[in-house]
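The structure under discussion appears below in the form of structure tokens.
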Amino acid sequence: MASNRISRINEELQRELSALIRSLKDPRVQQSMVSVTKVEATGDLRYAKVYISVLDKDKSRETLKGLKSAGGFLRREIAARLQLRYTPELVFVEDDSIAYGVKMFDLLKRLEEQEESHDEET
């Protein structure tokens, strides 16, 4: 039952953070297309790991720095919007799942090409 509650809170945090990040005035965050891919809050709601995907990979470090500096503002706004006993401290992490998916797709495609060439030889 508690895990269901945490998953609902994660979804709400993701939705609110996505809206708040779009309204930030920090140029490091505005210059790049930023999306919140996933939020994982701890069971006691003290911390929340926020996975961020940045369209322009060259600016991802600067974007993360901008988000970390705006962490206090984001936490305060989340406290005002969501009625939680504890507002979690936000930890921003770059999400590399898309790059990992592309790498796996390339590996599978290469394997398929090798099998086709092996079938043609026999």
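Identifiers for the structure tokens are assigned positionally: chains receive A, B, ... in sequence, residues are indexed from 1 per chain, and ligands are indexed from 1 in the order shown.
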
_All residues 10 Å or closer to stretch 44-60 of chain A, only C-alpha atoms, same chain fewer than 4 positions away omitted, as a count of residues only_ = 38

_So that I can check the secondary structure, give me every residue of chain A assigned helix (DSSP H, G or I) by backbone DSSP, as a PyMOL selection string._
chain A and resi 2-22+27-30+57-69+71-81+97-121

*as a list in words, which residues of chain A does DSSP assign to strand (DSSP E or B)?*
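Restricting chain A to strand (DSSP E or B) produces Val34, Ser35, Val36, Thr37, Lys38, Val39, Glu40, Ala41, Tyr47, Ala48, Lys49, Val50, Tyr51, Ile52, Ser53, Val54, Glu89, Leu90, Val91, Phe92, Val93 and Glu94 of chain A.
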
_Please determine, counting only C-alpha atoms, which residue among A:Ala80, A:Gly101, A:Leu24, A:Arg75 has the shortest atom-to-atom distance to A:Thr63._
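When distances to A:Thr63 are compared using only C-alpha atoms, the smallest one comes from A:Leu24.
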
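Of the listed residues (A:Val102, A:Glu116, A:Leu82, A:Leu107), A:Leu82 comes nearest to A:Arg15; the distances count only C-alpha atoms.
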
*Just how far from atom CA of A:Glu12 is atom CA of A:Pro27, in Å to one decimal?*
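We find that atom CA of A:Pro27 and atom CA of A:Glu12 lie 25.6 Å from each other.
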
*Pick from A:Lys68, A:His118, A:Arg61, A:Lys103: nearest to A:Ile21, with only C-alpha atoms counted?*
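Nearest candidate to A:Ile21 out of A:Lys68, A:His118, A:Arg61, A:Lys103: A:Lys68.
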
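Pairwise distance (atom CA of A:Gly71, atom CA of A:Thr42) equals 17.2 Å.
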